[in-house]
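Undergrad: Compact mmCIF, C-alpha atoms, file run-v9.txt:
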```txt
# COMPACT_ATOMS: atom_id res chain seq x y z
CA MET B 30 80.71 32.18 149.02
CA ARG B 31 83.78 30.82 147.23
CA THR B 32 81.63 29.31 144.53
CA ALA B 33 79.95 32.65 143.94
CA SER B 34 83.35 34.34 143.82
CA CYS B 35 84.64 31.89 141.25
CA GLY B 36 81.51 32.32 139.18
CA ILE B 37 81.94 36.07 139.10
CA GLY B 38 85.59 35.75 138.10
CA GLU B 39 84.82 33.32 135.36
CA GLY B 40 82.00 35.54 134.11
CA LEU B 41 84.29 38.56 133.91
CA SER B 42 86.98 36.50 132.23
CA GLY B 43 84.53 35.21 129.67
CA LEU B 44 83.19 38.76 129.06
CA THR B 45 86.63 40.22 128.46
CA THR B 46 87.44 37.61 125.86
CA HIS B 47 84.64 39.00 123.64
CA ILE B 48 85.52 42.72 124.00
CA ARG B 49 87.09 44.33 120.91
CA ARG B 50 88.96 47.46 121.87
CA ALA B 51 89.61 50.15 119.30
CA HIS B 52 93.30 50.25 118.57
CA ALA B 53 95.70 51.40 115.87
CA THR B 54 98.30 49.22 114.22
CA PRO B 55 101.60 49.92 116.06
CA THR B 56 103.53 51.18 113.05
CA PRO B 57 106.96 52.83 113.54
CA ARG B 58 105.42 56.18 112.70
CA LEU B 59 102.79 55.91 115.43
CA VAL B 60 105.34 54.67 117.96
CA ALA B 61 107.69 57.57 117.14
CA GLY B 62 104.85 60.09 117.41
CA ARG B 63 103.83 58.68 120.80
CA VAL B 64 107.41 58.91 122.05
CA PHE B 65 107.73 62.54 120.90
CA ARG B 66 104.43 63.50 122.51
CA GLN B 67 105.30 61.88 125.80
CA GLY B 68 108.74 63.50 125.71
CA GLY B 69 107.16 66.90 125.08
CA GLU B 70 104.76 66.44 127.96
CA ARG B 71 107.60 65.46 130.30
CA LEU B 72 109.69 68.43 129.13
CA SER B 73 106.79 70.81 129.65
CA LEU B 74 106.08 69.38 133.12
CA GLY B 75 109.76 69.58 134.01
CA SER B 76 110.00 73.20 132.86
CA GLU B 77 106.98 74.16 134.92
CA ARG B 78 108.45 72.50 138.02
CA VAL B 79 111.81 74.20 137.52
CA LEU B 80 110.09 77.56 137.12
CA LEU B 81 108.02 77.08 140.28
CA ALA B 82 111.09 75.96 142.23
CA ALA B 83 113.05 79.00 141.01
CA ILE B 84 110.25 81.34 142.01
CA ASP B 85 110.09 79.76 145.47
CA LEU B 86 113.86 79.83 145.90
CA PHE B 87 114.50 83.35 144.67
CA GLY B 88 111.23 84.88 145.69
CA ARG B 89 110.82 83.57 149.23
CA ARG B 90 113.69 81.54 150.69
CA MET B 91 116.74 83.52 149.51
CA PRO B 92 115.27 86.98 150.25
CA ALA B 93 114.50 85.86 153.80
CA ALA B 94 118.02 84.50 154.27
CA ALA B 95 119.66 87.59 152.71
CA LEU B 96 117.62 89.90 154.88
CA SER B 97 118.72 88.09 158.01
CA PHE B 98 122.46 87.99 157.05
CA TYR B 99 123.12 91.00 154.77
CA GLY B 100 120.42 93.51 155.58
CA PRO B 101 118.37 95.64 153.12
CA ARG B 102 121.28 96.24 150.65
CA GLY B 103 121.97 92.56 150.23
CA LEU B 104 118.25 91.90 149.78
CA ARG B 105 118.04 94.52 146.99
CA LEU B 106 120.99 92.95 145.15
CA LEU B 107 119.53 89.49 145.43
CA LEU B 108 116.14 90.63 144.14
CA ASN B 109 117.79 92.19 141.09
CA ILE B 110 119.60 88.92 140.33
CA ALA B 111 116.37 86.94 140.76
CA THR B 112 114.48 89.27 138.40
CA ALA B 113 117.14 88.89 135.72
CA LEU B 114 117.05 85.11 135.96
CA LEU B 115 113.25 85.12 135.80
CA VAL B 116 113.25 87.23 132.60
CA VAL B 117 115.79 84.91 130.99
CA SER B 118 113.69 81.83 131.79
CA LEU B 119 110.39 83.21 130.41
CA PRO B 120 111.03 82.38 126.70
CA PHE B 121 111.81 78.77 127.56
CA ALA B 122 108.62 78.45 129.60
CA ALA B 123 106.55 80.03 126.82
CA SER B 124 107.92 77.70 124.13
CA ALA B 125 107.24 74.68 126.32
CA ALA B 126 103.66 75.80 126.93
CA ALA B 127 103.11 76.35 123.20
CA ALA B 128 104.30 72.83 122.42
CA LYS B 129 101.82 71.32 124.88
CA PRO B 130 99.18 69.23 123.00
CA ILE B 131 95.48 70.09 123.31
CA THR B 132 93.74 67.86 125.81
CA ALA B 133 90.19 66.59 125.72
CA LEU B 134 89.17 69.45 128.03
CA ASP B 135 90.57 72.03 125.59
CA THR B 136 88.66 70.49 122.69
CA THR B 137 85.47 70.57 124.74
CA SER B 138 86.03 74.24 125.47
CA PHE B 139 86.47 74.98 121.77
CA SER B 140 83.33 73.05 120.96
CA ALA B 141 81.35 75.00 123.53
CA VAL B 142 82.45 78.29 122.03
CA ALA B 143 81.92 77.07 118.49
CA THR B 144 78.24 76.30 119.03
CA VAL B 145 77.43 79.96 119.75
CA SER B 146 75.40 81.56 116.96
CA THR B 147 73.26 84.62 116.37
CA ASP B 148 69.69 84.93 115.17
CA ASP B 149 70.23 87.83 112.74
CA ALA B 150 71.49 85.75 109.80
CA SER B 151 75.01 86.95 110.44
CA ALA B 152 78.14 84.78 110.34
CA ARG B 153 77.99 81.61 112.42
CA VAL B 154 80.64 79.16 113.59
CA THR B 155 80.04 75.44 113.77
CA THR B 156 82.14 72.55 115.03
CA ALA B 157 83.40 70.13 112.42
CA SER B 158 84.82 66.65 112.94
CA ARG B 159 88.01 66.04 114.93
CA GLY B 160 87.48 69.19 117.00
CA MET B 161 88.25 71.61 114.14
CA LEU B 162 86.33 74.83 113.58
CA ALA B 163 84.49 75.56 110.35
CA GLY B 164 82.85 78.85 109.39
CA SER B 165 79.51 79.21 107.64
CA ARG B 166 77.29 82.18 106.85
CA SER B 167 74.00 83.01 105.26
CA VAL B 168 74.34 84.09 101.62
CA VAL B 169 73.62 87.83 101.30
CA THR B 170 74.07 89.88 98.12
CA VAL B 171 75.56 93.29 98.83
CA ALA B 172 75.71 95.92 96.07
CA ALA B 173 79.06 97.59 95.57
CA GLU B 174 79.29 101.27 96.48
CA ASP B 175 80.07 102.32 92.93
CA VAL B 176 77.05 100.51 91.43
CA HIS B 177 74.01 102.75 90.89
CA PRO B 178 70.49 101.69 89.89
CA VAL B 179 68.84 102.32 86.54
CA VAL B 180 66.27 105.09 87.09
CA GLN B 181 62.82 105.32 85.52
CA TYR B 182 62.04 109.00 84.91
CA ALA B 183 58.61 110.48 84.15
CA VAL B 184 58.78 113.33 81.63
CA LYS B 185 57.47 116.66 82.93
CA ASN B 186 56.17 119.69 81.09
CA GLY B 187 58.99 121.50 79.26
CA ASP B 188 61.48 118.63 79.49
CA THR B 189 63.82 117.97 76.59
CA LEU B 190 66.17 115.06 76.09
CA SER B 191 69.15 117.37 76.65
CA ASP B 192 67.63 118.80 79.85
CA ILE B 193 67.09 115.34 81.33
CA ALA B 194 70.59 114.21 80.35
CA ALA B 195 72.08 117.30 81.99
CA GLU B 196 70.05 116.72 85.16
CA PHE B 197 71.44 113.21 85.55
CA GLN B 198 74.92 114.21 84.29
CA ILE B 199 75.01 111.69 81.46
CA PRO B 200 75.55 112.11 77.69
CA ALA B 201 72.36 112.73 75.72
CA ASP B 202 73.36 109.96 73.30
CA ASP B 203 73.42 107.41 76.14
CA LEU B 204 69.96 108.50 77.29
CA ALA B 205 68.66 108.34 73.72
CA TYR B 206 70.11 104.84 73.16
CA ALA B 207 68.58 103.51 76.38
CA ASN B 208 65.15 104.58 75.12
CA GLY B 209 65.47 103.75 71.42
CA ILE B 210 65.52 107.41 70.37
CA GLU B 211 67.45 107.99 67.15
CA ASP B 212 66.63 111.63 66.41
CA GLU B 213 67.13 114.66 68.64
CA SER B 214 63.91 116.16 67.31
CA THR B 215 61.82 113.29 68.73
CA THR B 216 58.92 114.71 70.75
CA LEU B 217 58.67 113.73 74.41
CA HIS B 218 55.23 113.48 76.01
CA ILE B 219 54.30 114.47 79.55
CA GLY B 220 54.20 111.36 81.74
CA GLN B 221 56.30 109.33 79.31
CA THR B 222 58.71 107.03 81.17
CA LEU B 223 62.37 107.17 80.18
CA THR B 224 65.06 104.72 81.26
CA VAL B 225 68.01 106.70 82.64
CA PRO B 226 71.42 104.96 82.65
CA PRO B 227 73.35 105.07 85.96
CA GLY B 228 76.33 106.70 84.22
CA ARG B 229 78.11 106.98 80.94
CA GLY B 230 77.44 103.77 79.04
CA ALA B 231 74.73 101.62 77.52
CA VAL B 232 71.65 100.06 79.08
CA TYR B 233 71.27 96.80 77.19
CA VAL B 234 68.72 93.98 77.14
CA VAL B 235 70.41 90.58 76.76
CA LYS B 236 69.26 88.63 73.69
CA ASP B 237 69.37 84.95 72.75
CA GLY B 238 72.84 83.94 71.62
CA ASP B 239 74.59 86.84 73.39
CA THR B 240 77.87 86.16 75.16
CA TYR B 241 80.07 88.35 77.33
CA ALA B 242 82.51 88.65 74.46
CA SER B 243 79.91 89.51 71.81
CA VAL B 244 78.32 92.24 73.92
CA ALA B 245 81.74 93.64 74.81
CA GLU B 246 82.72 93.73 71.15
CA LYS B 247 79.45 95.47 70.24
CA PHE B 248 80.14 98.32 72.66
CA LYS B 249 83.96 98.40 72.34
CA VAL B 250 84.71 97.50 75.97
CA ASP B 251 86.53 94.70 77.77
CA PRO B 252 84.33 91.72 78.81
CA ALA B 253 85.67 92.07 82.38
CA VAL B 254 84.01 95.50 82.59
CA ILE B 255 80.59 93.97 81.95
CA MET B 256 81.16 91.04 84.29
CA THR B 257 82.49 93.17 87.14
CA TYR B 258 79.85 95.90 87.10
CA ASN B 259 76.94 93.46 86.81
CA ARG B 260 78.43 90.97 89.34
CA LEU B 261 78.32 88.20 86.75
CA TYR B 262 81.29 86.44 88.37
CA PHE B 263 79.02 85.67 91.33
CA GLU B 264 75.54 85.88 89.76
CA PRO B 265 75.85 84.64 86.15
CA GLU B 266 72.09 84.13 85.99
CA HIS B 267 71.73 87.89 85.46
CA PHE B 268 73.16 87.44 81.96
CA ALA B 269 70.13 85.74 80.45
CA PRO B 270 67.69 86.66 77.67
CA GLU B 271 65.47 89.65 78.54
CA GLN B 272 67.71 90.59 81.49
CA LEU B 273 68.75 94.25 81.74
CA ILE B 274 72.48 94.97 82.16
CA PHE B 275 74.61 98.10 82.08
CA VAL B 276 77.80 98.40 80.03
CA PRO B 277 80.01 101.16 81.55
CA GLY B 278 81.94 103.28 79.05
CA ALA B 279 80.13 101.80 76.06
CA GLU B 280 80.32 103.51 72.69
CA VAL B 281 76.72 104.03 71.58
CA PRO B 282 75.49 105.23 68.18
CA ALA B 283 75.07 109.01 68.06
CA MET B 284 71.51 110.14 67.54
CA LYS B 285 70.71 112.37 64.60
CA ARG B 286 71.23 116.00 65.62
CA ILE B 287 69.27 119.08 64.74
CA THR B 288 71.89 120.53 62.42
CA ALA B 289 70.05 123.65 61.34
CA THR B 290 72.00 126.69 62.46
CA ARG B 291 69.90 129.27 64.29
CA SER B 292 71.00 132.78 65.03
CA ILE B 293 69.77 136.32 65.76
CA PRO B 294 71.25 139.71 64.98
CA ILE B 295 73.78 141.01 67.48
CA PRO B 296 71.85 142.95 70.17
CA GLY B 297 72.70 146.60 70.80
CA GLN B 298 74.80 147.60 73.77
CA GLY B 299 71.73 148.70 75.67
CA GLN B 300 70.22 145.24 75.34
CA LEU B 301 73.23 143.40 76.77
CA PRO B 302 73.92 142.85 80.47
CA ALA B 303 77.02 144.53 81.89
CA ARG B 304 80.28 142.61 82.20
CA THR B 305 81.02 141.15 85.62
CA GLY B 306 84.80 140.95 85.30
CA GLN B 307 87.38 138.77 83.58
CA LEU B 308 86.01 135.81 81.65
CA SER B 309 85.74 132.60 83.68
CA LEU B 310 86.78 129.21 82.34
CA PRO B 311 83.86 127.36 80.75
CA VAL B 312 84.88 124.03 82.34
CA ARG B 313 87.42 122.67 84.79
CA GLY B 314 89.68 120.39 82.83
CA VAL B 315 93.08 119.97 81.20
CA PHE B 316 94.45 122.55 78.77
CA THR B 317 95.48 120.63 75.66
CA GLN B 318 96.16 123.58 73.35
CA TYR B 319 96.52 127.34 73.84
CA PHE B 320 95.80 130.30 71.61
CA TRP B 321 98.38 131.04 68.90
CA TRP B 322 98.38 132.31 65.31
CA GLY B 323 97.54 128.81 63.99
CA HIS B 324 94.85 128.10 66.62
CA SER B 325 91.99 130.54 67.18
CA GLY B 326 91.07 129.51 70.72
CA VAL B 327 91.90 127.43 73.81
CA ASP B 328 91.16 123.69 74.01
CA ILE B 329 90.13 122.27 77.41
CA ALA B 330 89.63 118.51 77.77
CA ALA B 331 87.06 117.14 80.21
CA PRO B 332 84.94 113.98 80.58
CA TYR B 333 82.23 113.50 77.98
CA GLY B 334 78.97 115.13 79.06
CA THR B 335 80.56 117.58 81.53
CA GLY B 336 78.63 120.84 81.67
CA ILE B 337 79.99 123.91 79.83
CA ALA B 338 79.30 127.22 81.59
CA ALA B 339 78.91 130.69 80.12
CA SER B 340 82.06 132.73 80.75
CA ASP B 341 80.08 135.89 81.57
CA ASP B 342 76.60 137.42 81.45
CA GLY B 343 75.28 137.78 77.93
CA VAL B 344 72.74 136.86 75.26
CA VAL B 345 72.81 133.69 73.17
CA VAL B 346 73.13 134.72 69.51
CA ALA B 347 73.83 131.43 67.67
CA THR B 348 73.45 127.66 68.06
CA GLY B 349 73.74 124.70 65.73
CA TRP B 350 76.15 122.79 63.53
CA VAL B 351 79.17 124.27 61.77
CA ALA B 352 81.92 122.67 59.71
CA VAL B 353 84.90 121.35 61.70
CA GLY B 354 83.62 122.84 64.97
CA GLY B 355 80.58 120.57 65.17
CA LEU B 356 77.75 121.55 67.48
CA ARG B 357 78.44 125.01 68.91
CA VAL B 358 76.83 127.86 70.86
CA CYS B 359 77.84 131.55 70.88
CA VAL B 360 77.08 134.19 73.52
CA GLN B 361 77.35 137.96 72.94
CA HIS B 362 78.68 140.07 75.82
CA ALA B 363 78.89 143.81 76.37
CA GLY B 364 81.87 145.71 74.97
CA GLY B 365 81.89 143.91 71.61
CA LEU B 366 83.05 140.61 73.14
CA GLN B 367 81.65 137.26 71.97
CA THR B 368 82.43 133.75 73.31
CA CYS B 369 81.80 130.55 71.37
CA TYR B 370 81.96 126.94 72.56
CA TYR B 371 82.58 124.16 69.99
CA HIS B 372 82.48 120.32 69.77
CA THR B 373 79.60 120.11 72.26
CA SER B 374 77.38 117.05 72.61
CA SER B 375 74.27 118.98 73.65
CA ILE B 376 73.11 122.60 73.79
CA TYR B 377 70.70 123.70 76.50
CA VAL B 378 69.88 127.27 75.36
CA THR B 379 68.33 128.96 72.33
CA PRO B 380 69.17 132.19 70.46
CA GLY B 381 67.76 135.30 72.18
CA GLU B 382 67.99 133.76 75.66
CA THR B 383 69.82 135.76 78.35
CA VAL B 384 72.33 133.70 80.33
CA GLY B 385 74.32 134.39 83.47
CA ARG B 386 77.97 133.86 84.30
CA GLY B 387 78.51 130.21 85.28
CA GLN B 388 75.18 129.01 83.83
CA ILE B 389 75.43 125.60 82.11
CA ILE B 390 74.66 126.19 78.43
CA ALA B 391 76.08 123.04 76.76
CA ALA B 392 77.91 119.76 77.42
CA ILE B 393 81.36 118.47 76.49
CA GLY B 394 81.24 116.32 73.36
CA MET B 395 83.11 115.09 70.32
CA THR B 396 81.14 116.58 67.43
CA GLY B 397 82.98 117.94 64.41
CA VAL B 398 86.66 117.22 63.88
CA THR B 399 88.14 116.15 67.21
CA THR B 400 90.31 113.43 68.72
CA GLY B 401 88.69 113.39 72.17
CA PRO B 402 86.06 115.03 74.38
CA HIS B 403 86.89 118.70 74.90
CA VAL B 404 85.64 122.23 74.29
CA HIS B 405 87.23 124.63 71.85
CA TRP B 406 86.73 127.96 73.65
CA GLU B 407 86.91 130.89 71.29
CA VAL B 408 86.66 134.63 72.00
CA LYS B 409 86.22 137.42 69.46
CA LEU B 410 86.53 141.15 70.05
CA ASN B 411 84.56 143.08 67.43
CA GLY B 412 84.79 140.02 65.16
CA VAL B 413 88.53 139.38 65.56
CA ALA B 414 89.79 136.27 67.38
CA VAL B 415 91.75 137.07 70.55
CA ASN B 416 93.32 135.08 73.39
CA PRO B 417 90.48 134.03 75.75
CA LEU B 418 92.82 133.99 78.77
CA ALA B 419 93.57 137.71 78.31
CA TYR B 420 89.96 138.86 78.76
```
Can the structure in the file be given as structure tokens, please?

TA:
Amino acid sequence: MRTASCGIGEGLSGLTTHIRRAHATPTPRLVAGRVFRQGGERLSLGSERVLLAAIDLFGRRMPAAALSFYGPRGLRLLLNIATALLVVSLPFAASAAAAKPITALDTTSFSAVATVSTDDASARVTTASRGMLAGSRSVVTVAAEDVHPVVQYAVKNGDTLSDIAAEFQIPADDLAYANGIEDESTTLHIGQTLTVPPGRGAVYVVKDGDTYASVAEKFKVDPAVIMTYNRLYFEPEHFAPEQLIFVPGAEVPAMKRITATRSIPIPGQGQLPARTGQLSLPVRGVFTQYFWWGHSGVDIAAPYGTGIAASDDGVVVATGWVAVGGLRVCVQHAGGLQTCYYHTSSIYVTPGETVGRGQIIAAIGMTGVTTGPHVHWEVKLNGVAVNPLAY
């Protein structure tokens, strides 16, 4: 038996001589860290013991003694003192608990939580090395709320370029540029597909050699506008030859207008609809100039392409191009009153057509002599210019 015992001892001794235990070099930094950790643990344990002892003393022993010696009033006073001391000690206990290092059990708990994932390709959490948490998610492209798609529109019977532009609330020039139309008189065919821009700007097909800067310079915009709207910061592959992009606010070449002025004789009073009241504003915008002896109307600024409404019931008597005023439309009303709307980008009515109050007859533009998109609203009474706001 002794021989067997010695053999076992010698075997264990020989085994331990070949074991290499993982260890760290005892540098001063490691020694100091170990001392601080152990001190923190002792401080935390001591604080917890003090707190438990205080709770036992003030919550059980002293109330029982006070009740036996001083009665209910003494007990109430003692409880108030104990409560105050407990409140004062709470911050110290909390700070000690916060300084307590995470144990192996805590790390395991974190790991268990971190392995939870969902099956709907939503965000997932995984456990990285050393017990730290790392987030990962499936890549999903989400379109911004202010980004609208380019629409493909099939031309219907009776459609005109101006009608389609008004329907989608975009300038006719932008619609024409997107479809390579250079002349307003271009005939549209039923079933023909037109590319409709998502807003004011240019639909552009990227070509070889194009850069953000060159395209921005072509359309007089900042390169950041192109990159932001088309998400090129995140998806630069969309800026490649033959790719379709949209340039918001681009300046596009104006298509050739039908400049021939068309008009009809002024209808008789019996052929004109009755007035409905005071003239309404043709557009909601900003007044930039009022009527005075050197200015024959009222200027109202509004975004390019905004619809211009007839100020009252009447009959269209003139459309077309005039010097300075650009593209204009005039409507004759009862009582010798006539309203004209200048600097338009598009006209949606023709001479002889009866229009109603509030009906969209044209669109805000910059034709003629102008410094910005607006309508010059002019009113004549029996051929003499008067203040539009007075009628």

Undergrad: Find the residue from B:Ala414, B:Leu114, B:Val254, B:Ile390 that sits nearest to Trp322 (chain B); use all atoms listed in the file when measuring.

TA: B:Ala414

Undergrad: Check which residues of region 366-412 of chain B sit at most 12 Å from region 315-321 of chain B using all atoms listed in the file, and return one row each with the closest pair of atoms and their distance in Å to one decimal, ordered by chain and rising number, as a Markdown table.

TA:
```
| residue | atom | partner | partner_atom | distance |
| --- | --- | --- | --- | --- |
| B:Thr400 | CA | B:Thr317 | CA | 11.3 |
| B:Gly401 | CA | B:Thr317 | CA | 10.5 |
| B:Pro402 | CA | B:Val315 | CA | 11.0 |
| B:His403 | CA | B:Thr317 | CA | 8.8 |
| B:Val404 | CA | B:Phe316 | CA | 9.9 |
| B:His405 | CA | B:Gln318 | CA | 9.1 |
| B:Trp406 | CA | B:Phe320 | CA | 9.6 |
| B:Glu407 | CA | B:Phe320 | CA | 8.9 |
| B:Val408 | CA | B:Phe320 | CA | 10.1 |
```

Undergrad: Using only C-alpha atoms, can you tell me which of B:Gly349, B:Pro380, B:Pro200, B:Gly228 comes closest to Ala392 (chain B)?

TA: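 Among the listed residues, B:Pro200 lies closest to Ala392 (chain B).
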
Undergrad: Using Å and a single decimal, report how far CA of Gln388 (chain B) sits from CA of Leu217 (chain B).

TA: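 CA of Gln388 (chain B) lies 24.4 Å from CA of Leu217 (chain B).
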
Undergrad: I'd like the contact shell of region 231-236 of chain B - 10 Å cut-off, all atoms listed in the file, skipping same-chain residues fewer than 6 positions apart - returned as a list in words.

TA: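 So, after excluding close chain neighbours, the residues are Val179, Asp202, Asp203, Leu204, Ala205, Tyr206, Ala207, Asn208, Thr224, Val225, Val244, Phe248, His267, Phe268, Ala269, Pro270, Glu271, Gln272, Leu273, Ile274, Phe275, Val276, Pro277, Gly278, Ala279, Glu280 and Val281 of chain B.
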
Undergrad: How far is it from CA of Gly364 (chain B) to CA of Val344 (chain B), in Å with one decimal?

TA: 12.7 Å

Undergrad: Work out how far CA of Ile199 (chain B) is from CA of Leu261 (chain B), in Å to one decimal.

TA: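 Between CA of Leu261 (chain B) and CA of Ile199 (chain B) the gap works out to 24.3 Å.
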
Undergrad: Pick the closest to Pro294 (chain B) from B:Pro178, B:Pro265, B:Gly381, B:Gly394: which is it, counting all atoms listed in the file?

TA: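 Distance minimum relative to Pro294 (chain B) lands on B:Gly381.
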
Undergrad: Using all atoms listed in the file, what does the table of region 235-318 of chain B residues within 12 Å of region 336-340 of chain B look like, with each row giving the shortest atom pair and its distance in Å to one decimal, sorted by chain and ascending number, as CSV?

TA:
```
residue,atom,partner,partner_atom,distance
B:Arg304,CA,B:Ser340,CA,10.1
B:Thr305,CA,B:Ser340,CA,9.8
B:Gly306,CA,B:Ser340,CA,9.8
B:Gln307,CA,B:Ser340,CA,8.5
B:Leu308,CA,B:Ser340,CA,5.1
B:Ser309,CA,B:Ser340,CA,4.7
B:Leu310,CA,B:Ser340,CA,6.1
B:Pro311,CA,B:Ala338,CA,4.6
B:Val312,CA,B:Ile337,CA,5.5
B:Arg313,CA,B:Ile337,CA,9.0
B:Gly314,CA,B:Ile337,CA,10.7
```

Undergrad: When you count only C-alpha atoms, which of these residues is closest to Pro227 (chain B): B:Ser243, B:Ser375, B:Thr215, B:Gln198?

TA: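 Of all the options, B:Gln198 lies closest to Pro227 (chain B).
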
Undergrad: Between B:His362, B:His324, B:Arg260, B:His372, which one has atoms that come closest to Tyr420 (chain B), using only C-alpha atoms?

TA: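 The answer is B:His362, which sits nearest to Tyr420 (chain B).
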
Undergrad: I need the residue nearest Tyr377 (chain B) from this list: B:Ala194, B:Met395, B:Leu301, B:Val415. Use only C-alpha atoms for the distance.

TA: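 Comparing B:Ala194, B:Met395, B:Leu301, B:Val415 against Tyr377 (chain B), the winner is B:Ala194.
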